[in-house]
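A.B. asks: This one is coords_17.txt, compact mmCIF, C-alpha atoms.
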# COMPACT_ATOMS: atom_id res chain seq x y z
CA MET A 29 17.66 -2.75 -14.08
CA SER A 30 16.42 -1.85 -10.61
CA LEU A 31 14.34 1.21 -10.01
CA GLY A 32 16.03 4.16 -8.36
CA TYR A 33 14.48 5.94 -5.43
CA LEU A 34 13.79 9.03 -7.52
CA GLU A 35 13.53 8.70 -11.29
CA LEU A 36 12.29 11.26 -13.75
CA PHE A 37 11.18 11.13 -17.38
CA PHE A 38 11.25 14.36 -19.34
CA GLY A 39 9.98 14.91 -22.86
CA LYS A 40 7.34 16.37 -25.08
CA SER A 41 3.90 14.88 -25.34
CA PHE A 42 3.62 11.49 -27.07
CA THR A 43 7.36 10.85 -27.06
CA GLY A 44 6.91 7.68 -25.01
CA LYS A 45 7.83 8.79 -21.51
CA THR A 46 4.66 7.59 -19.77
CA ALA A 47 4.81 4.26 -21.58
CA ARG A 48 8.44 3.91 -20.53
CA MET A 49 7.59 4.78 -16.96
CA LEU A 50 4.94 2.05 -16.89
CA HIS A 51 7.44 -0.32 -18.45
CA GLU A 52 10.01 0.41 -15.78
CA VAL A 53 7.56 -0.17 -12.93
CA ARG A 54 5.92 -3.24 -14.45
CA ALA A 55 7.41 -5.57 -11.84
CA VAL A 56 6.91 -3.31 -8.84
CA PRO A 57 4.60 -5.14 -6.44
CA ARG A 58 3.23 -2.13 -4.59
CA LEU A 59 2.54 0.61 -7.05
CA VAL A 60 0.62 3.88 -6.89
CA ILE A 61 0.17 6.01 -9.99
CA VAL A 62 -1.12 9.55 -9.80
CA ASP A 63 -2.91 10.60 -12.96
CA PRO A 64 -3.78 14.27 -13.47
CA LYS A 65 -4.68 13.94 -17.15
CA CYS A 66 -7.45 11.40 -16.58
CA ALA A 67 -7.12 10.20 -20.16
CA GLN A 68 -5.17 7.09 -21.20
CA LEU A 69 -4.58 5.86 -17.66
CA VAL A 70 -8.29 5.77 -16.88
CA THR A 71 -8.56 2.44 -18.67
CA LEU A 72 -5.31 0.98 -17.44
CA LYS A 73 -5.98 -2.70 -16.84
CA GLY A 74 -4.88 -4.59 -13.76
CA PHE A 75 -5.12 -1.49 -11.60
CA ALA A 76 -7.68 -0.26 -9.12
CA HIS A 77 -8.89 3.21 -10.00
CA LEU A 78 -9.70 5.81 -7.38
CA TRP A 79 -11.29 9.20 -7.92
CA PRO A 80 -10.89 11.10 -4.65
CA LYS A 81 -12.75 14.35 -4.05
CA CYS A 82 -10.91 17.25 -2.52
CA ALA A 83 -12.43 20.05 -0.49
CA GLU A 84 -12.84 23.24 -2.46
CA GLU A 85 -11.86 25.43 0.44
CA LYS A 86 -9.08 25.34 2.97
CA PRO A 87 -8.07 23.13 4.60
CA TYR A 88 -7.69 21.11 1.42
CA ARG A 89 -8.45 17.57 2.45
CA TRP A 90 -10.21 14.65 0.86
CA ILE A 91 -13.89 14.79 1.55
CA ASP A 92 -14.33 11.12 0.78
CA ASP A 93 -12.39 8.25 2.24
CA SER A 94 -11.77 6.25 -0.93
CA VAL A 95 -7.98 6.65 -0.82
CA VAL A 96 -7.70 6.13 2.91
CA SER A 97 -9.95 3.07 2.82
CA TYR A 98 -7.97 1.57 -0.04
CA PHE A 99 -4.60 1.90 1.68
CA ARG A 100 -6.03 0.87 5.03
CA ALA A 101 -7.17 -2.34 3.37
CA HIS A 102 -3.98 -2.89 1.36
CA MET A 103 -1.37 -1.57 3.76
CA GLY A 104 -0.09 -5.03 4.60
CA ALA A 105 -0.64 -6.54 1.16
CA GLU A 106 2.30 -7.99 -0.71
CA ARG A 107 0.97 -6.52 -3.94
CA PHE A 108 -1.35 -3.72 -4.94
CA ARG A 109 -1.60 -1.53 -8.00
CA VAL A 110 -3.76 1.54 -8.01
CA VAL A 111 -4.23 4.64 -10.14
CA ILE A 112 -5.40 7.75 -8.33
CA HIS A 113 -7.04 10.13 -10.73
CA VAL A 114 -6.63 13.72 -9.64
CA ARG A 115 -8.58 16.42 -11.41
CA GLU A 116 -7.92 19.49 -9.32
CA ARG A 117 -5.77 20.77 -6.46
CA PHE A 118 -2.80 18.87 -7.79
CA ARG A 119 -0.23 20.15 -5.36
CA GLU A 120 -2.48 19.82 -2.36
CA GLN A 121 -3.61 16.32 -3.22
CA LEU A 122 -0.06 15.12 -3.85
CA GLU A 123 0.82 16.51 -0.45
CA LEU A 124 -2.06 14.56 1.11
CA LEU A 125 -0.97 11.44 -0.72
CA CYS A 126 2.65 11.72 0.37
CA LEU A 127 1.46 12.27 3.92
CA LEU A 128 -0.64 9.13 3.78
CA LEU A 129 1.82 6.93 1.91
CA ARG A 130 4.71 7.54 4.23
CA PRO A 131 3.31 5.26 6.97
CA VAL A 132 2.18 2.76 4.33
CA GLY A 133 5.77 2.53 3.17
CA ASN A 134 7.57 0.20 0.82
CA LEU A 135 5.94 1.25 -2.43
CA THR A 136 6.60 3.11 -5.64
CA LEU A 137 4.77 6.36 -6.32
CA CYS A 138 4.54 7.36 -9.98
CA VAL A 139 3.34 10.83 -10.76
CA ASP A 140 2.41 11.62 -14.33
CA GLU A 141 2.95 15.23 -15.37
CA LEU A 142 4.93 16.08 -12.28
CA GLY A 143 5.19 19.70 -13.34
CA LEU A 144 1.52 20.16 -12.57
CA PHE A 145 2.10 19.08 -8.98
CA ILE A 146 5.41 20.68 -8.14
CA PRO A 147 6.07 23.52 -10.58
CA SER A 148 9.39 25.26 -10.48
CA VAL A 149 7.75 28.60 -9.76
CA GLY A 150 5.32 29.44 -7.01
CA PRO A 151 5.27 28.61 -3.34
CA SER A 152 7.82 26.33 -1.78
CA LEU A 153 7.29 22.60 -1.87
CA PRO A 154 4.91 21.23 0.74
CA PRO A 155 6.80 19.43 3.49
CA ALA A 156 5.39 15.95 2.84
CA ILE A 157 6.32 16.07 -0.86
CA THR A 158 9.77 17.36 -0.05
CA SER A 159 10.19 14.68 2.56
CA ALA A 160 9.04 11.96 0.18
CA MET A 161 11.51 13.03 -2.49
CA ILE A 162 14.44 13.73 -0.20
CA SER A 163 14.14 10.98 2.35
CA GLY A 164 11.43 8.72 1.06
CA ARG A 165 13.91 5.93 0.51
CA HIS A 166 14.10 5.53 4.29
CA GLU A 167 10.42 4.48 4.25
CA GLY A 168 10.98 2.31 1.20
CA LEU A 169 9.30 4.90 -0.97
CA SER A 170 10.43 5.22 -4.57
CA PHE A 171 9.37 8.29 -6.46
CA VAL A 172 8.93 8.32 -10.23
CA GLY A 173 7.69 11.24 -12.27
CA THR A 174 7.17 12.40 -15.81
CA ALA A 175 7.04 15.94 -17.13
CA GLN A 176 6.95 17.62 -20.50
CA ARG A 177 9.01 20.59 -19.43
CA PRO A 178 12.01 19.79 -17.23
CA ALA A 179 12.57 23.51 -16.66
CA LEU A 180 9.13 23.74 -15.06
CA VAL A 181 9.65 20.95 -12.55
CA HIS A 182 10.76 22.00 -9.11
CA ILE A 183 14.52 22.05 -8.68
CA THR A 184 14.31 19.79 -5.61
CA ALA A 185 13.00 16.96 -7.77
CA ARG A 186 15.62 17.39 -10.45
CA ALA A 187 18.44 17.82 -7.97
CA ASN A 188 17.62 14.61 -6.11
CA ALA A 189 16.84 12.47 -9.14
CA GLU A 190 18.91 9.33 -9.22
CA ARG A 191 18.18 8.76 -12.88
CA ILE A 192 16.62 10.96 -15.56
CA ARG A 193 15.49 9.83 -19.00
CA TRP A 194 15.34 12.66 -21.46
CA TYR A 195 13.01 12.27 -24.39
CA ARG A 196 12.60 14.83 -27.13
CA VAL A 197 12.57 18.40 -25.87
CA THR A 198 12.95 21.45 -28.04
CA GLU A 199 12.50 24.46 -25.85
CA ARG A 200 15.69 26.40 -25.09
CA ASN A 201 15.29 26.53 -21.32
CA ASP A 202 14.70 22.79 -21.29
CA LEU A 203 17.79 22.19 -23.37
CA ASP A 204 19.80 24.44 -21.07
CA ALA A 205 18.59 22.38 -18.12
CA ALA A 206 19.58 19.18 -19.92
CA ARG A 207 23.11 20.44 -20.54
CA ASN A 208 23.72 20.34 -16.81
CA TYR A 209 23.27 16.58 -16.85
CA MET A 210 24.86 15.36 -20.11
CA PRO A 211 27.58 16.20 -22.61
CA HIS A 212 26.66 18.96 -25.01
CA GLY A 213 26.68 16.57 -27.94
CA LEU A 214 23.93 14.46 -26.45
CA ALA A 215 22.03 17.54 -25.32
CA ASP A 216 22.14 18.93 -28.84
CA SER A 217 20.55 15.71 -30.10
CA LEU A 218 17.53 16.04 -27.81
CA PRO A 219 15.37 18.12 -30.20
CA SER A 220 15.64 15.48 -32.89
CA LEU A 221 15.15 12.32 -30.84
CA PRO A 222 12.57 9.93 -32.32
CA ASN A 223 9.71 8.70 -30.19
CA TYR A 224 10.65 6.12 -27.55
CA VAL A 225 14.35 7.05 -27.79
CA CYS A 226 15.86 8.79 -24.80
CA ILE A 227 19.11 9.98 -23.32
CA GLU A 228 19.61 8.42 -19.91
CA THR A 229 21.55 10.25 -17.25
CA SER A 230 22.20 8.85 -13.80
CA ASP A 231 24.45 9.13 -10.80
CA SER A 232 26.00 5.73 -11.42
CA SER A 233 26.89 5.76 -15.11
CA PRO A 234 27.71 8.15 -17.92
CA ALA A 235 24.89 9.47 -20.07
CA PHE A 236 23.95 7.33 -23.06
CA ARG A 237 21.38 7.14 -25.81
CA ASP A 238 18.81 4.41 -25.21
CA GLU A 239 16.98 2.98 -28.19
CA SER A 240 16.38 -0.42 -26.67
CA LEU A 241 12.61 -0.15 -26.41
CA VAL A 242 11.77 1.30 -29.78
CA GLY A 243 8.81 -0.64 -31.19
CA LYS A 244 8.36 -2.59 -27.96
CA LEU A 245 6.15 -0.21 -26.04
CA LYS A 246 2.59 0.76 -26.68
CA THR A 247 0.62 3.78 -25.60
CA PRO A 248 -0.94 3.25 -22.16
CA GLY A 249 -4.59 2.35 -22.19
CA LYS A 250 -4.50 0.83 -25.67
CA MET B 18 9.62 -7.38 1.79
CA GLN B 19 11.54 -6.60 4.96
CA MET B 20 12.68 -3.06 5.51
CA TRP B 21 15.43 -1.63 7.67
CA GLY B 22 16.18 -5.05 9.13
CA ARG B 23 13.01 -4.98 11.23
CA SER B 24 10.50 -7.75 11.48
CA LYS B 25 7.48 -7.47 9.24
CA GLN B 26 5.04 -7.85 12.13
CA HIS B 27 6.69 -5.12 14.13
CA GLN B 28 6.83 -2.89 11.14
CA SER B 29 3.17 -3.24 10.18
CA ALA B 30 1.99 -2.65 13.75
CA GLU B 31 4.08 0.48 13.99
CA ILE B 32 3.04 1.69 10.61
CA GLY B 33 -0.62 1.02 11.31
CA GLY B 34 -0.64 3.51 14.15
CA ASP B 35 1.03 6.17 12.02
CA PHE B 36 -1.35 5.45 9.21
CA GLU B 37 -4.44 6.24 11.25
CA SER B 38 -3.04 9.55 12.38
CA ALA B 39 -2.05 10.34 8.80
CA ALA B 40 -5.49 9.30 7.60
CA ALA B 41 -7.07 11.67 10.09
CA ARG B 42 -4.91 14.49 8.72
CA VAL B 43 -5.73 13.93 5.05
CA THR B 44 -9.49 13.53 5.24
CA ALA B 45 -12.17 15.91 6.34
CA GLU B 46 -13.29 15.40 9.92
CA VAL B 47 -16.59 13.76 9.10
CA GLU B 48 -14.92 10.84 7.36
CA ALA B 49 -11.75 10.90 9.41
CA GLU B 50 -13.27 9.96 12.74
CA PRO B 51 -15.39 6.86 12.49
CA VAL B 52 -17.59 6.10 15.47
CA PRO B 53 -15.99 3.45 17.70
CA GLY B 54 -17.41 0.03 17.05
CA THR B 55 -18.33 0.76 13.46
CA VAL B 56 -16.29 0.25 10.34
CA ALA B 57 -15.50 3.39 8.37
CA GLY B 58 -17.76 3.79 5.38
CA GLU B 59 -20.49 1.56 6.82
CA PRO B 60 -23.65 3.15 8.11
CA GLU B 61 -24.33 2.96 11.81
CA ALA B 62 -26.41 -0.03 12.76
CA GLU B 63 -28.88 2.06 14.72
CA ASN B 64 -29.69 4.36 11.85
CA SER B 65 -29.54 1.87 9.04
CA LEU B 66 -32.41 -0.26 7.85
CA THR B 67 -31.56 -3.93 8.14
CA ILE B 68 -33.26 -6.04 5.51
CA ARG B 69 -34.66 -9.23 7.01
CA PRO B 70 -34.55 -12.55 5.15
CA GLU B 71 -38.35 -12.80 5.10
CA TRP B 72 -38.54 -9.39 3.43
CA ALA B 73 -36.14 -10.60 0.78
CA GLU B 74 -38.26 -13.68 0.18
CA THR B 75 -41.38 -11.56 -0.13
CA ALA B 76 -39.61 -9.27 -2.59
CA ALA B 77 -38.54 -12.27 -4.63
CA ARG B 78 -42.12 -13.54 -4.69
CA LEU B 79 -43.34 -10.12 -5.77
CA CYS B 80 -41.00 -10.21 -8.75
CA PHE B 81 -42.84 -13.25 -10.06
CA LEU B 82 -46.31 -12.17 -9.04
CA PRO B 83 -47.19 -10.34 -12.29
CA ALA B 84 -46.21 -13.32 -14.40
CA ALA B 85 -48.21 -15.62 -12.14
CA LYS B 86 -51.24 -13.37 -12.38
CA LEU B 87 -51.01 -12.65 -16.09
CA TRP B 88 -49.82 -15.91 -17.62
CA HIS B 89 -49.84 -18.92 -15.38
CA PRO B 90 -50.01 -19.50 -11.64
CA ALA B 91 -47.05 -21.86 -11.95
CA TYR B 92 -44.83 -18.78 -12.27
CA ALA B 93 -45.35 -18.15 -8.55
CA LEU B 94 -42.30 -19.02 -6.47
CA GLU B 95 -42.43 -21.98 -4.16
CA ASP B 96 -40.99 -21.74 -0.68
CA SER B 97 -37.77 -23.51 -1.60
CA GLU B 98 -37.23 -21.29 -4.65
CA ALA B 99 -37.89 -18.13 -2.66
CA ALA B 100 -35.50 -19.29 0.04
CA ALA B 101 -32.82 -20.02 -2.56
CA ILE B 102 -32.88 -16.58 -4.11
CA ALA B 103 -33.41 -14.72 -0.83
CA PRO B 104 -29.69 -14.18 -0.02
CA GLN B 105 -29.01 -12.38 -3.28
CA MET B 106 -32.18 -10.38 -2.95
CA GLN B 107 -31.31 -9.50 0.64
CA THR B 108 -27.85 -8.30 -0.38
CA PHE B 109 -29.29 -6.19 -3.15
CA LEU B 110 -32.02 -4.70 -0.99
CA GLN B 111 -29.49 -3.94 1.72
CA ALA B 112 -27.35 -2.10 -0.84
CA VAL B 113 -30.43 -0.19 -1.96
CA ALA B 114 -31.25 0.73 1.61
CA ASP B 115 -27.69 1.69 2.48
CA LYS B 116 -26.42 3.34 -0.69
CA TYR B 117 -28.70 3.74 -3.65
CA ALA B 118 -31.86 4.97 -1.96
CA PRO B 119 -30.14 7.60 0.24
CA ALA B 120 -28.19 8.82 -2.78
CA ALA B 121 -31.33 9.02 -4.89
CA VAL B 122 -33.21 10.82 -2.13
CA GLY B 123 -30.31 13.21 -1.74
CA ARG B 124 -30.26 13.95 -5.46
CA LEU B 125 -34.01 14.42 -5.51
CA ALA B 126 -33.90 16.73 -2.52
CA ASN B 127 -31.20 18.83 -4.13
CA LYS B 128 -32.78 18.99 -7.55
CA TYR B 129 -36.47 19.33 -6.66
CA PRO B 130 -36.65 20.73 -3.12
CA GLU B 131 -40.37 21.67 -3.40
CA PHE B 132 -41.31 18.17 -4.46
CA PHE B 133 -39.21 16.68 -1.73
CA ASP B 134 -40.84 18.94 0.88
CA LEU B 135 -44.30 17.96 -0.37
CA ALA B 136 -43.41 14.27 -0.38
CA ALA B 137 -42.00 14.53 3.12
CA ALA B 138 -45.12 16.35 4.38
CA LEU B 139 -47.40 13.80 2.72
CA GLY B 140 -45.34 11.00 4.20
CA VAL B 141 -45.61 12.41 7.70
CA LEU B 142 -49.35 12.97 7.29
CA TYR B 143 -49.84 9.49 5.91
CA TRP B 144 -47.90 8.01 8.77
CA GLN B 145 -49.99 9.88 11.33
CA LYS B 146 -53.19 8.74 9.60
CA TRP B 147 -51.94 5.20 9.49
CA ARG B 148 -51.27 5.20 13.22
CA TYR B 149 -54.71 6.70 13.92
CA VAL B 150 -56.53 4.21 11.69
CA SER B 151 -54.54 1.34 13.15
CA HIS B 152 -55.66 2.40 16.62
CA ILE B 153 -59.29 2.63 15.50
CA ARG B 154 -59.14 -0.80 13.90
CA ARG B 155 -57.65 -2.30 17.01
CA VAL B 156 -60.37 -0.78 19.22
CA GLU B 157 -63.08 -1.93 16.83
CA ALA B 158 -61.68 -5.44 16.78
CA GLU B 159 -61.62 -5.53 20.58
CA ARG B 160 -65.21 -4.32 20.75
CA ALA B 161 -66.37 -6.91 18.22
CA GLU B 162 -64.65 -9.64 20.18
CA MET B 163 -66.24 -8.47 23.41
CA GLN B 164 -69.64 -8.41 21.72
CA GLN B 165 -69.15 -11.95 20.47
CA ARG B 166 -68.14 -13.12 23.92
CA LYS B 167 -71.13 -11.40 25.44
CA GLU B 168 -73.56 -13.02 22.99
CA ARG B 169 -71.94 -16.40 23.46
CA GLY B 170 -72.18 -15.99 27.24
CA GLU B 171 -75.88 -15.07 27.08
CA ALA B 172 -76.69 -18.12 24.95
CA GLU B 173 -74.85 -20.42 27.30
CA ALA B 174 -76.56 -18.90 30.32
CA PHE B 175 -79.96 -19.34 28.69
CA ALA B 176 -79.25 -23.00 27.93
CA ALA B 177 -78.08 -23.60 31.49
CA ASP B 178 -81.25 -22.05 32.87
CA ALA B 179 -83.39 -24.19 30.56
CA VAL B 180 -81.70 -27.36 31.70
CA ALA B 181 -81.96 -26.36 35.34
CA SER B 182 -85.70 -25.62 35.09
CA GLY B 183 -86.42 -29.02 33.47
CA GLN B 184 -87.81 -27.49 30.34
CA PHE B 185 -85.08 -29.10 28.31
CA ILE B 186 -83.23 -32.32 28.96
CA PRO B 187 -80.15 -32.63 26.84
CA GLY B 188 -80.30 -35.66 24.51
CA THR B 189 -84.06 -35.86 24.48
CA ALA B 190 -86.61 -34.36 22.18
CA ALA B 191 -88.78 -31.66 23.59
CA PRO B 192 -92.15 -32.97 24.76
CA SER B 193 -94.82 -32.23 22.17
CA GLU B 194 -98.24 -31.19 23.19
CA SER B 195 -100.76 -33.91 22.11
CA LYS B 196 -104.52 -33.47 21.80
CA LEU B 197 -105.22 -37.18 21.01
CA LYS B 198 -107.51 -39.06 23.33
CA ALA B 199 -107.47 -42.68 24.28
CA GLY B 200 -108.49 -44.90 21.33
CA ASP B 201 -107.17 -42.46 18.73
CA ARG B 202 -104.20 -43.20 16.57
CA ASP B 203 -101.28 -40.84 16.12
CA GLU B 204 -99.61 -39.83 12.86
CA GLU B 205 -97.56 -42.98 12.78
CA GLY B 206 -100.62 -45.21 13.28
CA ARG B 207 -99.91 -46.13 16.88
CA LEU B 208 -102.87 -46.56 19.21
CA VAL B 209 -103.22 -44.09 22.04
CA ILE B 210 -104.25 -45.78 25.25
Would you mind writing the file out in structure tokens?
C.D. replies:
Amino acid sequence: MSLGYLELFFGKSFTGKTARMLHEVRAVPRLVIVDPKCAQLVTLKGFAHLWPKCAEEKPYRWIDDSVVSYFRAHMGAERFRVVIHVRERFREQLELLCLLLRPVGNLTLCVDELGLFIPSVGPSLPPAITSAMISGRHEGLSFVGTAQRPALVHITARANAERIRWYRVTERNDLDAARNYMPHGLADSLPSLPNYVCIETSDSSPAFRDESLVGKLKTPGK
Amino acid sequence: MQMWGRSKQHQSAEIGGDFESAAARVTAEVEAEPVPGTVAGEPEAENSLTIRPEWAETAARLCFLPAAKLWHPAYALEDSEAAAIAPQMQTFLQAVADKYAPAAVGRLANKYPEFFDLAAALGVLYWQKWRYVSHIRRVEAERAEMQQRKERGEAEAFAADAVASGQFIPGTAAPSESKLKAGDRDEEGRLVI
């Protein structure tokens, strides 16, 4: 199955959404993963790992050139895979990254814990992030994100998602959000979904329960 | 992969220009504007210490010097061995000069500023002393050489005068004063006539 230009994975912690995201992008030749947790993905093999430093005061910019140097060197490469570990200034650093990746083009950007970067409350989305999610496909940019709380991810991301995989969620607001995308019967089953089982909703096909990867995925970094 | 039906070459050239402007926007100014003629992230050639191959060879020899002194002289590197390991040593020393040493000095300066100030003052003083002593040694060496020349010139002049006055003919023994009279015999038994 080909990757959509904006795909989201929602579900509680340790339900298998990050593992599924990595599974879905396993064949993507030009891949950038943004890791705010700095836990399992730190040891992800086959990837370059970058730890950019962001200025502590405005204007929030990278004070080292690790990210810029990496993409300057790999801009024309057929294949690169890199994890960018972000420990602070999530929103600002994602904005910087979207700004930089737009001219690089033709890549897939995976953001783990998207809710940390573009929460549903707070200031409006930075322009580069909005642009990447709304019109990134014109630059060949695919956007993939995971979040534990769909209700806390910015509405722009959810509204433009081409495909959403819903793992186990139990909170009422999250279930209410899910009911907008799937029949009530499937939404009611969300709180009791086993790990690695999801409900897939997309623009192109009706929602369905996906158990195809149960027992086939392993936790990232292990 | 080809995008938007455009050629790859055209696309990368166009993107490259956008990338540099984007890079300038996402990084702080210090890193965003590399000096023309230098590669970003590399120190400027003028300010960086360039490790020479002979320094690397010397460093390699120094690594084996303790073993050669303590255990056996055969531990000492030969020229071919030193030349063989010099490239790796040069690369390492260059990395030390470019990255590790400045970082260590920076950490030291931040953590122990008083010590760093003292070390810097001592370094400056030592450098001044070294220059002064070097000058003195050079002057002393010149004086010693002039003295040697002067002495050598006096000796040669004396010899020339001796030859000119007939007191000394090169290749002959100096005439010895003899008190023997005719009919006496000398030390070798020859008859004096």
A.B. asks: Produce a table with one row for each residue of chain B that has an atom at most 6 Å from any atom of chain A, each row naming the nearest atom pair and its distance in Å at one decimal; use all atoms listed in the file; arrange rows by chain and rising residue number; format as JSON lines.
C.D. replies:
{"residue": "B:Ile32", "atom": "CA", "partner": "A:Pro131", "partner_atom": "CA", "distance": 5.1}
{"residue": "B:Asp35", "atom": "CA", "partner": "A:Pro131", "partner_atom": "CA", "distance": 5.6}
{"residue": "B:Phe36", "atom": "CA", "partner": "A:Pro131", "partner_atom": "CA", "distance": 5.2}
{"residue": "B:Ala39", "atom": "CA", "partner": "A:Leu128", "partner_atom": "CA", "distance": 5.4}
{"residue": "B:Val43", "atom": "CA", "partner": "A:Arg89", "partner_atom": "CA", "distance": 5.2}
{"residue": "B:Thr44", "atom": "CA", "partner": "A:Trp90", "partner_atom": "CA", "distance": 4.6}
{"residue": "B:Ala45", "atom": "CA", "partner": "A:Ile91", "partner_atom": "CA", "distance": 5.2}
A.B. asks: Have a look at B:Ala77, B:Ile210, B:Ala85, B:Ala40 and name the one nearest to B:Pro104; count all atoms listed in the file.
C.D. replies: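 Of B:Ala77, B:Ile210, B:Ala85, B:Ala40, the one nearest B:Pro104, counting all atoms listed in the file, is B:Ala77.
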A.B. asks: Find the spatial neighbours of B:Phe133, counting all atoms listed in the file, within a cut-off of 12 Å - ignore same-chain residues fewer than 5 positions away - and output them as an NGL selection string.
C.D. replies: :B and (121-128 or 138-140)
A.B. asks: In Å to one decimal, how far is atom CA of B:Glu171 from atom CA of B:Arg154?
C.D. replies: 25.6 Å
A.B. asks: Figure out the distance between atom CA of A:Arg117 and atom CA of A:Glu52, please, to one decimal in Å.
C.D. replies: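 Distance reported for this atom pair: 27.4 Å.
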A.B. asks: First collect every listed atom of stretch 109-117 of chain B; then fit an axis-aligned box around them, widen it by 4 Å on each side, and give centre and edge lengths in Å to one decimal, as JSON.
C.D. replies:
{"center_x": -29.2, "center_y": -1.2, "center_z": -0.6, "size_x": 13.6, "size_y": 17.9, "size_z": 14.1}
A.B. asks: Rounded to one decimal place, report the atom CA of A:Val53-atom CA of A:His182 distance in Å.
C.D. replies: 22.7 Å
A.B. asks: As a JSON list (two decimals) with C-alpha atoms, in the coordinates of the input, please: the residues near A:Asp140 (cut-off 10 Å, only C-alpha atoms, same-chain neighbours under 6 positions excluded).
C.D. replies:
[["chain", "number", "residue", "atom", "x", "y", "z"],
["A", 36, "LEU", "CA", 12.29, 11.26, -13.75],
["A", 37, "PHE", "CA", 11.18, 11.13, -17.38],
["A", 45, "LYS", "CA", 7.83, 8.79, -21.51],
["A", 46, "THR", "CA", 4.66, 7.59, -19.77],
["A", 49, "MET", "CA", 7.59, 4.78, -16.96],
["A", 61, "ILE", "CA", 0.17, 6.01, -9.99],
["A", 62, "VAL", "CA", -1.12, 9.55, -9.80],
["A", 63, "ASP", "CA", -2.91, 10.60, -12.96],
["A", 64, "PRO", "CA", -3.78, 14.27, -13.47],
["A", 65, "LYS", "CA", -4.68, 13.94, -17.15],
["A", 69, "LEU", "CA", -4.58, 5.86, -17.66],
["A", 172, "VAL", "CA", 8.93, 8.32, -10.23],
["A", 173, "GLY", "CA", 7.69, 11.24, -12.27],
["A", 174, "THR", "CA", 7.17, 12.40, -15.81],
["A", 175, "ALA", "CA", 7.04, 15.94, -17.13],
["A", 176, "GLN", "CA", 6.95, 17.62, -20.50]]
A.B. asks: Can you tell me which residues surround A:Lys244 at a distance of at most 12 Å, considering only C-alpha atoms, apart from same-chain residues fewer than 4 positions away, and format the answer as a PyMOL selection string?
C.D. replies: chain A and resi 44+47-48+51+223-225+239-240
